[in-house]
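Trainee: upload_22.pdb is the file, holding PDB, C-alpha atoms:
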```
ATOM      1  CA  MET A   1      73.821 -15.861-218.788
ATOM      2  CA  ASN A   2      73.322 -12.238-219.680
ATOM      3  CA  ILE A   3      70.343 -10.976-217.684
ATOM      4  CA  LEU A   4      68.374  -7.778-218.312
ATOM      5  CA  VAL A   5      66.773  -6.211-215.232
ATOM      6  CA  THR A   6      64.144  -3.536-215.889
ATOM      7  CA  GLY A   7      62.796  -1.004-213.387
ATOM      8  CA  SER A   8      66.184  -0.867-211.679
ATOM      9  CA  ASN A   9      65.532   2.497-210.016
ATOM     10  CA  GLY A  10      62.613   1.097-208.010
ATOM     11  CA  GLN A  11      62.572  -0.661-204.659
ATOM     12  CA  LEU A  12      63.018  -4.181-205.994
ATOM     13  CA  GLY A  13      65.342  -3.110-208.804
ATOM     14  CA  ASN A  14      67.671  -1.406-206.351
ATOM     15  CA  GLU A  15      67.699  -4.466-204.100
ATOM     16  CA  MET A  16      68.525  -6.601-207.161
ATOM     17  CA  ARG A  17      71.475  -4.323-207.887
ATOM     18  CA  VAL A  18      72.773  -4.611-204.317
ATOM     19  CA  LEU A  19      72.388  -8.402-204.151
ATOM     20  CA  SER A  20      73.850  -8.993-207.617
ATOM     21  CA  ALA A  21      77.324  -8.520-206.115
ATOM     22  CA  ALA A  22      76.757 -11.721-204.143
ATOM     23  CA  HIS A  23      75.592 -13.548-207.281
ATOM     24  CA  PRO A  24      78.486 -13.189-209.744
ATOM     25  CA  LYS A  25      77.578 -16.317-211.710
ATOM     26  CA  HIS A  26      75.762 -14.256-214.363
ATOM     27  CA  ASN A  27      76.107 -10.832-216.023
ATOM     28  CA  TYR A  28      73.415  -8.293-215.146
ATOM     29  CA  PHE A  29      72.324  -5.271-217.187
ATOM     30  CA  PHE A  30      70.321  -2.828-215.070
ATOM     31  CA  THR A  31      67.925  -0.504-216.894
ATOM     32  CA  ASP A  32      65.083   1.914-216.262
ATOM     33  CA  VAL A  33      63.157   4.553-218.158
ATOM     34  CA  VAL A  34      65.281   7.170-216.321
ATOM     35  CA  GLU A  35      69.074   6.985-216.221
ATOM     36  CA  ALA A  36      70.871   6.703-212.888
ATOM     37  CA  ASP A  37      74.292   5.700-211.650
ATOM     38  CA  GLY A  38      74.852   2.192-212.942
ATOM     39  CA  VAL A  39      71.454   2.138-214.682
ATOM     40  CA  ARG A  40      70.999   2.422-218.449
ATOM     41  CA  VAL A  41      67.964   3.889-220.167
ATOM     42  CA  LEU A  42      65.413   1.482-221.644
ATOM     43  CA  ASP A  43      61.712   2.031-222.305
ATOM     44  CA  ILE A  44      60.064  -1.381-221.991
ATOM     45  CA  THR A  45      57.011  -0.170-223.934
ATOM     46  CA  ASP A  46      59.221   0.440-227.001
ATOM     47  CA  LYS A  47      59.468  -2.912-228.801
ATOM     48  CA  ALA A  48      62.210  -1.767-231.173
ATOM     49  CA  ALA A  49      64.334  -0.454-228.293
ATOM     50  CA  VAL A  50      63.866  -3.619-226.236
ATOM     51  CA  SER A  51      64.674  -5.880-229.190
ATOM     52  CA  ALA A  52      67.779  -3.844-230.017
ATOM     53  CA  PHE A  53      69.013  -4.048-226.412
ATOM     54  CA  VAL A  54      68.353  -7.787-226.192
ATOM     55  CA  ASN A  55      70.200  -8.434-229.459
ATOM     56  CA  GLU A  56      73.105  -6.093-228.778
ATOM     57  CA  HIS A  57      73.847  -7.605-225.371
ATOM     58  CA  ALA A  58      72.869 -11.212-226.198
ATOM     59  CA  ILE A  59      70.340 -11.245-223.356
ATOM     60  CA  ASP A  60      69.283 -14.719-222.166
ATOM     61  CA  LEU A  61      66.730 -13.741-219.504
ATOM     62  CA  ILE A  62      64.650 -10.690-218.576
ATOM     63  CA  VAL A  63      63.708  -9.833-214.979
ATOM     64  CA  ASN A  64      60.910  -7.269-215.080
ATOM     65  CA  CYS A  65      60.823  -5.125-211.943
ATOM     66  CA  ALA A  66      59.136  -2.204-213.726
ATOM     67  CA  ALA A  67      55.500  -1.350-212.983
ATOM     68  CA  TYR A  68      52.969   1.441-212.614
ATOM     69  CA  THR A  69      52.276   0.962-208.898
ATOM     70  CA  ASN A  70      50.363   4.085-207.794
ATOM     71  CA  VAL A  71      46.969   2.526-207.094
ATOM     72  CA  ASP A  72      45.060   5.815-206.861
ATOM     73  CA  LYS A  73      46.651   7.507-209.885
ATOM     74  CA  ALA A  74      46.006   4.412-211.990
ATOM     75  CA  GLU A  75      42.265   5.073-211.621
ATOM     76  CA  GLU A  76      42.783   8.468-213.273
ATOM     77  CA  ASP A  77      45.345   7.350-215.862
ATOM     78  CA  GLU A  78      44.298   3.916-217.047
ATOM     79  CA  VAL A  79      46.036   4.422-220.402
ATOM     80  CA  THR A  80      49.494   4.774-218.865
ATOM     81  CA  ALA A  81      48.897   2.022-216.314
ATOM     82  CA  MET A  82      47.777  -0.353-219.061
ATOM     83  CA  LYS A  83      50.761   0.565-221.221
ATOM     84  CA  ILE A  84      53.340  -0.147-218.504
ATOM     85  CA  ASN A  85      51.621  -2.988-216.640
ATOM     86  CA  ALA A  86      50.168  -4.871-219.599
ATOM     87  CA  GLU A  87      51.258  -3.783-223.066
ATOM     88  CA  ALA A  88      54.932  -3.814-222.068
ATOM     89  CA  LEU A  89      54.580  -7.473-221.082
ATOM     90  CA  SER A  90      53.712  -8.354-224.660
ATOM     91  CA  VAL A  91      56.925  -6.592-225.685
ATOM     92  CA  LEU A  92      59.078  -8.378-223.111
ATOM     93  CA  GLY A  93      57.434 -11.736-223.730
ATOM     94  CA  SER A  94      57.940 -11.576-227.485
ATOM     95  CA  GLN A  95      61.760 -11.544-227.351
ATOM     96  CA  GLY A  96      62.089 -15.331-227.582
ATOM     97  CA  ILE A  97      63.748 -15.627-224.164
ATOM     98  CA  ARG A  98      62.559 -16.423-220.644
ATOM     99  CA  VAL A  99      61.057 -13.739-218.411
ATOM    100  CA  ILE A 100      60.650 -13.367-214.647
ATOM    101  CA  HIS A 101      57.881 -10.889-213.872
ATOM    102  CA  ILE A 102      56.625  -9.374-210.616
ATOM    103  CA  SER A 103      52.867  -9.172-210.115
ATOM    104  CA  THR A 104      50.576  -8.359-207.196
ATOM    105  CA  ASP A 105      47.975  -9.474-204.665
ATOM    106  CA  TYR A 106      45.632  -6.899-206.255
ATOM    107  CA  VAL A 107      44.670  -9.463-208.899
ATOM    108  CA  PHE A 108      42.416 -10.939-206.185
ATOM    109  CA  SER A 109      39.240  -9.360-204.805
ATOM    110  CA  GLY A 110      40.504  -9.067-201.238
ATOM    111  CA  ASP A 111      37.347 -10.709-199.891
ATOM    112  CA  GLU A 112      39.086 -13.984-199.107
ATOM    113  CA  HIS A 113      39.445 -15.323-195.570
ATOM    114  CA  ILE A 114      42.201 -17.860-196.179
ATOM    115  CA  PRO A 115      45.545 -17.343-197.962
ATOM    116  CA  CYS A 116      45.170 -17.122-201.752
ATOM    117  CA  ARG A 117      46.695 -19.877-203.870
ATOM    118  CA  GLU A 118      47.979 -19.457-207.404
ATOM    119  CA  SER A 119      45.063 -21.548-208.697
ATOM    120  CA  ASP A 120      42.375 -19.435-207.019
ATOM    121  CA  PRO A 121      40.129 -17.344-209.292
ATOM    122  CA  VAL A 122      41.224 -13.745-209.791
ATOM    123  CA  ALA A 123      38.849 -10.805-209.472
ATOM    124  CA  PRO A 124      40.704  -7.470-209.548
ATOM    125  CA  ARG A 125      38.667  -4.472-208.388
ATOM    126  CA  THR A 126      41.001  -1.626-209.301
ATOM    127  CA  ILE A 127      42.574  -0.370-212.506
ATOM    128  CA  TYR A 128      45.936  -1.256-211.016
ATOM    129  CA  GLY A 129      44.842  -4.831-210.365
ATOM    130  CA  ILE A 130      43.126  -5.133-213.747
ATOM    131  CA  THR A 131      46.205  -3.926-215.628
ATOM    132  CA  LYS A 132      48.536  -6.191-213.651
ATOM    133  CA  TYR A 133      46.354  -9.227-214.373
ATOM    134  CA  GLU A 134      46.200  -8.268-218.019
ATOM    135  CA  GLY A 135      50.004  -8.161-217.966
ATOM    136  CA  GLU A 136      50.126 -11.679-216.544
ATOM    137  CA  LYS A 137      47.879 -12.959-219.331
ATOM    138  CA  ARG A 138      49.820 -11.204-222.079
ATOM    139  CA  LEU A 139      53.144 -12.460-220.784
ATOM    140  CA  LEU A 140      52.025 -16.076-220.534
ATOM    141  CA  ALA A 141      50.481 -15.872-224.010
ATOM    142  CA  SER A 142      53.729 -14.632-225.556
ATOM    143  CA  CYS A 143      56.151 -16.479-223.247
ATOM    144  CA  PRO A 144      54.702 -19.708-221.815
ATOM    145  CA  GLU A 145      58.035 -20.400-220.083
ATOM    146  CA  ALA A 146      57.732 -17.244-217.955
ATOM    147  CA  VAL A 147      57.853 -17.151-214.163
ATOM    148  CA  ILE A 148      55.433 -14.770-212.442
ATOM    149  CA  LEU A 149      55.950 -13.869-208.779
ATOM    150  CA  ARG A 150      52.941 -12.237-207.102
ATOM    151  CA  THR A 151      53.862 -10.239-204.016
ATOM    152  CA  ALA A 152      52.284  -7.741-201.597
ATOM    153  CA  TRP A 153      52.979  -4.854-199.208
ATOM    154  CA  LEU A 154      56.456  -4.238-200.604
ATOM    155  CA  TYR A 155      58.887  -1.924-198.806
ATOM    156  CA  SER A 156      62.607  -1.238-198.852
ATOM    157  CA  SER A 157      65.325   1.119-197.710
ATOM    158  CA  PHE A 158      65.082   2.534-201.255
ATOM    159  CA  GLY A 159      62.388   4.805-202.660
ATOM    160  CA  ASN A 160      59.112   5.900-201.100
ATOM    161  CA  ASN A 161      57.106   3.364-199.139
ATOM    162  CA  PHE A 162      54.922   2.763-196.100
ATOM    163  CA  VAL A 163      57.828   2.202-193.703
ATOM    164  CA  LYS A 164      59.489   5.497-194.526
ATOM    165  CA  THR A 165      56.176   7.361-194.469
ATOM    166  CA  MET A 166      55.258   6.041-191.008
ATOM    167  CA  MET A 167      58.707   6.900-189.673
ATOM    168  CA  ARG A 168      58.376  10.450-190.959
ATOM    169  CA  LEU A 169      54.817  10.924-189.695
ATOM    170  CA  GLY A 170      55.694   9.330-186.372
ATOM    171  CA  LYS A 171      58.287  12.033-185.822
ATOM    172  CA  GLU A 172      56.002  14.849-187.010
ATOM    173  CA  ARG A 173      52.732  13.986-185.248
ATOM    174  CA  LYS A 174      51.485  13.134-181.786
ATOM    175  CA  GLU A 175      48.868  10.706-183.148
ATOM    176  CA  LEU A 176      48.403   8.542-186.238
ATOM    177  CA  GLY A 177      45.220   6.800-187.364
ATOM    178  CA  VAL A 178      46.054   3.529-189.145
ATOM    179  CA  VAL A 179      43.605   0.930-190.454
ATOM    180  CA  PHE A 180      43.411  -2.369-188.581
ATOM    181  CA  ASP A 181      40.845  -4.174-190.777
ATOM    182  CA  GLN A 182      43.159  -4.780-193.743
ATOM    183  CA  ILE A 183      45.252  -7.898-193.309
ATOM    184  CA  GLY A 184      48.306  -8.914-195.319
ATOM    185  CA  THR A 185      52.024  -9.586-195.121
ATOM    186  CA  PRO A 186      54.727  -6.894-195.305
ATOM    187  CA  THR A 187      57.428  -7.947-197.766
ATOM    188  CA  TYR A 188      61.000  -6.699-197.587
ATOM    189  CA  ALA A 189      62.114  -6.082-201.182
ATOM    190  CA  ALA A 190      65.541  -7.559-200.409
ATOM    191  CA  ASP A 191      63.864 -10.877-199.585
ATOM    192  CA  LEU A 192      61.854 -10.728-202.807
ATOM    193  CA  ALA A 193      65.079  -9.992-204.701
ATOM    194  CA  GLN A 194      66.654 -13.052-203.103
ATOM    195  CA  ALA A 195      63.650 -15.068-204.284
ATOM    196  CA  VAL A 196      64.299 -13.847-207.830
ATOM    197  CA  PHE A 197      67.928 -14.986-207.604
ATOM    198  CA  THR A 198      66.684 -18.334-206.293
ATOM    199  CA  VAL A 199      64.573 -18.742-209.438
ATOM    200  CA  ILE A 200      67.453 -17.677-211.681
ATOM    201  CA  GLU A 201      69.997 -20.011-210.107
ATOM    202  CA  ALA A 202      67.764 -23.064-209.635
ATOM    203  CA  PRO A 203      69.220 -26.135-211.394
ATOM    204  CA  VAL A 204      65.918 -26.633-213.222
ATOM    205  CA  TRP A 205      63.713 -23.913-214.727
ATOM    206  CA  HIS A 206      60.219 -24.030-213.210
ATOM    207  CA  PRO A 207      57.809 -21.853-215.249
ATOM    208  CA  GLY A 208      54.463 -20.737-213.858
ATOM    209  CA  ILE A 209      52.820 -18.434-211.335
ATOM    210  CA  TYR A 210      54.085 -18.320-207.750
ATOM    211  CA  HIS A 211      53.264 -16.326-204.645
ATOM    212  CA  PHE A 212      56.018 -14.746-202.594
ATOM    213  CA  THR A 213      55.813 -12.513-199.527
ATOM    214  CA  ASN A 214      57.485 -12.735-196.168
ATOM    215  CA  GLU A 215      55.945 -15.154-193.660
ATOM    216  CA  GLY A 216      53.227 -14.271-191.159
ATOM    217  CA  VAL A 217      50.308 -11.853-191.213
ATOM    218  CA  CYS A 218      49.434  -8.505-189.671
ATOM    219  CA  SER A 219      47.319  -5.404-190.193
ATOM    220  CA  TRP A 220      48.612  -2.017-191.295
ATOM    221  CA  TYR A 221      48.073  -0.967-187.651
ATOM    222  CA  ASP A 222      50.277  -3.813-186.374
ATOM    223  CA  PHE A 223      52.870  -3.006-189.031
ATOM    224  CA  THR A 224      52.971   0.636-187.935
ATOM    225  CA  ILE A 225      53.349  -0.284-184.265
ATOM    226  CA  ALA A 226      56.368  -2.422-185.177
ATOM    227  CA  ILE A 227      57.907   0.276-187.398
ATOM    228  CA  LEU A 228      57.741   2.974-184.724
ATOM    229  CA  ALA A 229      58.995   0.629-182.011
ATOM    230  CA  LEU A 230      62.026  -0.407-184.056
ATOM    231  CA  ALA A 231      62.664   3.229-184.986
ATOM    232  CA  GLY A 232      62.612   4.246-181.325
ATOM    233  CA  ILE A 233      59.685   6.608-181.872
ATOM    234  CA  SER A 234      57.648   6.529-178.646
ATOM    235  CA  GLU A 235      55.872   9.875-178.441
ATOM    236  CA  CYS A 236      53.419   9.209-181.276
ATOM    237  CA  ARG A 237      50.190   7.360-180.398
ATOM    238  CA  VAL A 238      48.956   4.945-183.060
ATOM    239  CA  LYS A 239      45.168   4.752-183.166
ATOM    240  CA  PRO A 240      43.430   1.782-184.885
ATOM    241  CA  ILE A 241      40.760   2.899-187.370
ATOM    242  CA  LEU A 242      38.407   1.237-189.867
ATOM    243  CA  SER A 243      39.015   1.495-193.608
ATOM    244  CA  GLU A 244      35.800   3.496-193.978
ATOM    245  CA  GLU A 245      37.194   6.108-191.607
ATOM    246  CA  TYR A 246      40.266   6.602-193.800
ATOM    247  CA  GLN A 247      38.190   7.173-196.948
ATOM    248  CA  TYR A 248      40.474   5.691-199.597
ATOM    249  CA  LYS A 249      40.153   7.037-203.138
ATOM    250  CA  THR A 250      40.497   3.462-204.398
ATOM    251  CA  PRO A 251      39.339   0.302-202.570
ATOM    252  CA  ARG A 252      42.044  -1.723-200.846
ATOM    253  CA  PRO A 253      41.916  -5.496-200.283
ATOM    254  CA  HIS A 254      40.660  -6.382-196.796
ATOM    255  CA  TYR A 255      42.530  -9.685-196.860
ATOM    256  CA  SER A 256      45.501 -10.196-199.171
ATOM    257  CA  VAL A 257      47.536 -12.955-197.560
ATOM    258  CA  LEU A 258      49.215 -15.131-200.195
ATOM    259  CA  ASP A 259      49.856 -18.870-199.828
ATOM    260  CA  LYS A 260      53.556 -19.459-200.546
ATOM    261  CA  SER A 261      53.528 -23.264-200.312
ATOM    262  CA  LYS A 262      54.158 -23.744-204.026
ATOM    263  CA  PHE A 263      57.264 -21.531-204.062
ATOM    264  CA  LYS A 264      58.712 -23.111-200.920
ATOM    265  CA  LYS A 265      58.124 -26.657-202.169
ATOM    266  CA  THR A 266      59.356 -26.023-205.722
ATOM    267  CA  PHE A 267      62.557 -24.215-204.767
ATOM    268  CA  GLY A 268      63.207 -25.832-201.384
ATOM    269  CA  VAL A 269      63.571 -22.593-199.427
ATOM    270  CA  GLU A 270      62.490 -21.112-196.118
ATOM    271  CA  ILE A 271      61.045 -17.599-196.193
ATOM    272  CA  PRO A 272      61.901 -15.042-193.486
ATOM    273  CA  TYR A 273      59.253 -13.809-191.028
ATOM    274  CA  TRP A 274      57.976 -10.312-191.830
ATOM    275  CA  LEU A 275      59.204  -8.811-188.547
ATOM    276  CA  ASP A 276      62.713 -10.133-189.156
ATOM    277  CA  GLY A 277      62.661  -8.560-192.611
ATOM    278  CA  LEU A 278      61.543  -5.267-191.115
ATOM    279  CA  ARG A 279      64.402  -5.355-188.609
ATOM    280  CA  ARG A 280      66.925  -5.827-191.424
ATOM    281  CA  CYS A 281      65.390  -2.999-193.414
ATOM    282  CA  MET A 282      65.532  -0.675-190.404
ATOM    283  CA  ASN A 283      69.180  -1.597-189.894
ATOM    284  CA  ALA A 284      69.827  -0.686-193.538
ATOM    285  CA  LEU A 285      68.044   2.634-193.084
ATOM    286  CA  ASN A 286      70.071   3.398-189.960
ATOM    287  CA  GLY A 287      73.301   2.037-191.449
TER     288      GLY A 287
END
```
Now, as a test, write the supplied structure out as structure tokens.

Mentor:
Amino acid sequence: MNILVTGSNGQLGNEMRVLSAAHPKHNYFFTDVVEADGVRVLDITDKAAVSAFVNEHAIDLIVNCAAYTNVDKAEEDEVTAMKINAEALSVLGSQGIRVIHISTDYVFSGDEHIPCRESDPVAPRTIYGITKYEGEKRLLASCPEAVILRTAWLYSSFGNNFVKTMMRLGKERKELGVVFDQIGTPTYAADLAQAVFTVIEAPVWHPGIYHFTNEGVCSWYDFTIAILALAGISECRVKPILSEEYQYKTPRPHYSVLDKSKFKKTFGVEIPYWLDGLRRCMNALNG
């Protein structure tokens, strides 16, 4: 197959590029709105441009890693967030080929107390979550054979993310206040990329919505403790604080653990524990 990967300059897109070398069965075309080494330019909101690319390269499958992910800025720029997170999905879904799309835990309210299943009712509370859910609906309406992978707390050795920020702050400050009342699962983007390849290379195509994160649960406080310990940063004290003490511009989910049973059963895979993923990411950063 010829496979188009969008958002290839992002965390997941970069991990897809790295792992593609170990998956030579298909041909991959890596694109983004900004050109980079090995990445071609493609604006996924431009239907004519997308159609031309798909036709020119005889694309069989689209993997959409592109998204407007800045939760706070989305509140101030709903138009752009809606264009990238929702309207673009109508464009990608209308090409007459299958699509794998990455969505988010933010489609849920965050008030849950048990892991969210794919069949649970959604109730997004932010513009980011609203636009991502709208994208899910538009994609499934235009491409019923699509696969949607909802994930959470994504990080990588590429780009800007929580792991890199905590490492930097841990070296700069004597004390960090990190919230302990938000619970979720850190997800190493390389493991999510491997999940995408699992979907692509499965002997049978299984359309639908799936949840994928690493295994286990923790708070942002626990996550930070692990990051600094693995980084060998010992002189910075991590102080647990409540969300209300941090004063977020945009509300964050208090509980965003996703139930991955459906993905594991459908594709017959085991998912790595979040701490093991973090160790591998730290090794990549120190490599």

Trainee: Using only C-alpha atoms, can you tell me which of A:Asn286, A:Thr250, A:Thr31, A:Gln95 comes closest to Glu76 of chain A?

Mentor: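 Of A:Asn286, A:Thr250, A:Thr31, A:Gln95, the one nearest Glu76 of chain A is A:Thr250, counting only C-alpha atoms.
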
Trainee: Could you check which of A:Glu245, A:Tyr255, A:Arg280, A:Phe267 is closest to Val204 of chain A, using all atoms listed in the file?

Mentor: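 So, comparing all the options, the nearest one is A:Phe267.
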
Trainee: Mind telling me what the PyMOL selection byres ((chain A and resi 112) around 9) catches here, as JSON, numbers by chain?

Mentor: {"A": [108, 109, 110, 111, 113, 114, 115, 116, 254, 255, 256, 257]}

Trainee: Skipping near chain neighbours, those fewer than 2 positions away, what residues fall within 9 Å of Leu92 of chain A using all atoms listed in the file, listed as an mmCIF file with C-alpha atoms, keeping the file's coordinate frame?

Mentor:
```cif
data_model
loop_
_atom_site.group_PDB
_atom_site.id
_atom_site.type_symbol
_atom_site.label_atom_id
_atom_site.label_comp_id
_atom_site.auth_asym_id
_atom_site.auth_seq_id
_atom_site.Cartn_x
_atom_site.Cartn_y
_atom_site.Cartn_z
ATOM 1 C CA ILE A 44 60.064 -1.381 -221.991
ATOM 2 C CA THR A 45 57.011 -0.170 -223.934
ATOM 3 C CA LYS A 47 59.468 -2.912 -228.801
ATOM 4 C CA VAL A 50 63.866 -3.619 -226.236
ATOM 5 C CA SER A 51 64.674 -5.880 -229.190
ATOM 6 C CA ILE A 62 64.650 -10.690 -218.576
ATOM 7 C CA ASN A 64 60.910 -7.269 -215.080
ATOM 8 C CA ALA A 88 54.932 -3.814 -222.068
ATOM 9 C CA LEU A 89 54.580 -7.473 -221.082
ATOM 10 C CA SER A 90 53.712 -8.354 -224.660
ATOM 11 C CA SER A 94 57.940 -11.576 -227.485
ATOM 12 C CA GLN A 95 61.760 -11.544 -227.351
ATOM 13 C CA GLY A 96 62.089 -15.331 -227.582
ATOM 14 C CA ILE A 97 63.748 -15.627 -224.164
ATOM 15 C CA VAL A 99 61.057 -13.739 -218.411
ATOM 16 C CA LEU A 139 53.144 -12.460 -220.784
ATOM 17 C CA SER A 142 53.729 -14.632 -225.556
ATOM 18 C CA CYS A 143 56.151 -16.479 -223.247
#
```

Trainee: Set the distance at 12 Å and use only C-alpha atoms: which residues neighbour Pro253 of chain A once local chain neighbours fewer than 4 positions away are removed? I'd like the list as a list in words.

Mentor: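 What passes the distance filter is Val71, Thr104, Asp105, Tyr106, Val107, Phe108, Ser109, Gly110, Asp111, Glu112, His113, Ala123, Pro124, Arg125, Thr126, Gly129, Ala152, Trp153, Val179, Asp181, Gln182, Ile183, Gly184, Ser219, Trp220, Ser243, Tyr248 and Val257 of chain A.
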
Trainee: Next, write the just-selected residues to a file, as a CSV table (one decimal), in the coordinates of the input, keeping C-alpha atoms as the atom set.

Mentor:
```csv
chain,number,residue,atom,x,y,z
A,71,VAL,CA,47.0,2.5,-207.1
A,104,THR,CA,50.6,-8.4,-207.2
A,105,ASP,CA,48.0,-9.5,-204.7
A,106,TYR,CA,45.6,-6.9,-206.3
A,107,VAL,CA,44.7,-9.5,-208.9
A,108,PHE,CA,42.4,-10.9,-206.2
A,109,SER,CA,39.2,-9.4,-204.8
A,110,GLY,CA,40.5,-9.1,-201.2
A,111,ASP,CA,37.3,-10.7,-199.9
A,112,GLU,CA,39.1,-14.0,-199.1
A,113,HIS,CA,39.4,-15.3,-195.6
A,123,ALA,CA,38.8,-10.8,-209.5
A,124,PRO,CA,40.7,-7.5,-209.5
A,125,ARG,CA,38.7,-4.5,-208.4
A,126,THR,CA,41.0,-1.6,-209.3
A,129,GLY,CA,44.8,-4.8,-210.4
A,152,ALA,CA,52.3,-7.7,-201.6
A,153,TRP,CA,53.0,-4.9,-199.2
A,179,VAL,CA,43.6,0.9,-190.5
A,181,ASP,CA,40.8,-4.2,-190.8
A,182,GLN,CA,43.2,-4.8,-193.7
A,183,ILE,CA,45.3,-7.9,-193.3
A,184,GLY,CA,48.3,-8.9,-195.3
A,219,SER,CA,47.3,-5.4,-190.2
A,220,TRP,CA,48.6,-2.0,-191.3
A,243,SER,CA,39.0,1.5,-193.6
A,248,TYR,CA,40.5,5.7,-199.6
A,257,VAL,CA,47.5,-13.0,-197.6
```

Trainee: Find, counting only C-alpha atoms, the residue in A:Ile209, A:Val196, A:Ile227, A:Met16 that gets nearest to Glu145 of chain A.

Mentor: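 The shortest atom-to-atom distance to Glu145 of chain A comes from A:Ile209.
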
Trainee: Please evaluate the PyMOL selection byres ((chain A and resi 7) around 7) against the displayed coordinates and give the resulting residues as a list in words.

Mentor: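 Going through the file, the PyMOL selection byres ((chain A and resi 7) around 7) ends up selecting Val5, Thr6, Ser8, Asn9, Gly10, Gly13, Thr31, Asp32, Asn64, Cys65 and Ala66 of chain A.
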
Trainee: Report the centre and edge lengths, in Å to one decimal, of an axis-aligned box enclosing every atom of segment 195-202 of chain A listed in the file, padded by 4 Å on each side, as JSON.

Mentor:
```
{"center_x": 66.8, "center_y": -18.5, "center_z": -208.0, "size_x": 14.3, "size_y": 17.2, "size_z": 15.4}
```

Trainee: If the PyMOL selection byres ((chain A and resi 135) around 6) is run on the structure shown, which residues does it catch, given as a PyMOL selection string?

Mentor: chain A and resi 85-86+89+132-134+136-138

Trainee: Provide the atom CA of Ser234 of chain A to atom CA of Phe162 of chain A distance in Å, to one decimal place.

Mentor: 18.1 Å

Trainee: Let me make sure I understand: among A:Leu12, A:Leu242, A:Met1, A:Met282, which one has the smallest atom-to-atom distance to His57 of chain A if we use only C-alpha atoms?

Mentor: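 Nearest candidate to His57 of chain A out of A:Leu12, A:Leu242, A:Met1, A:Met282: A:Met1.
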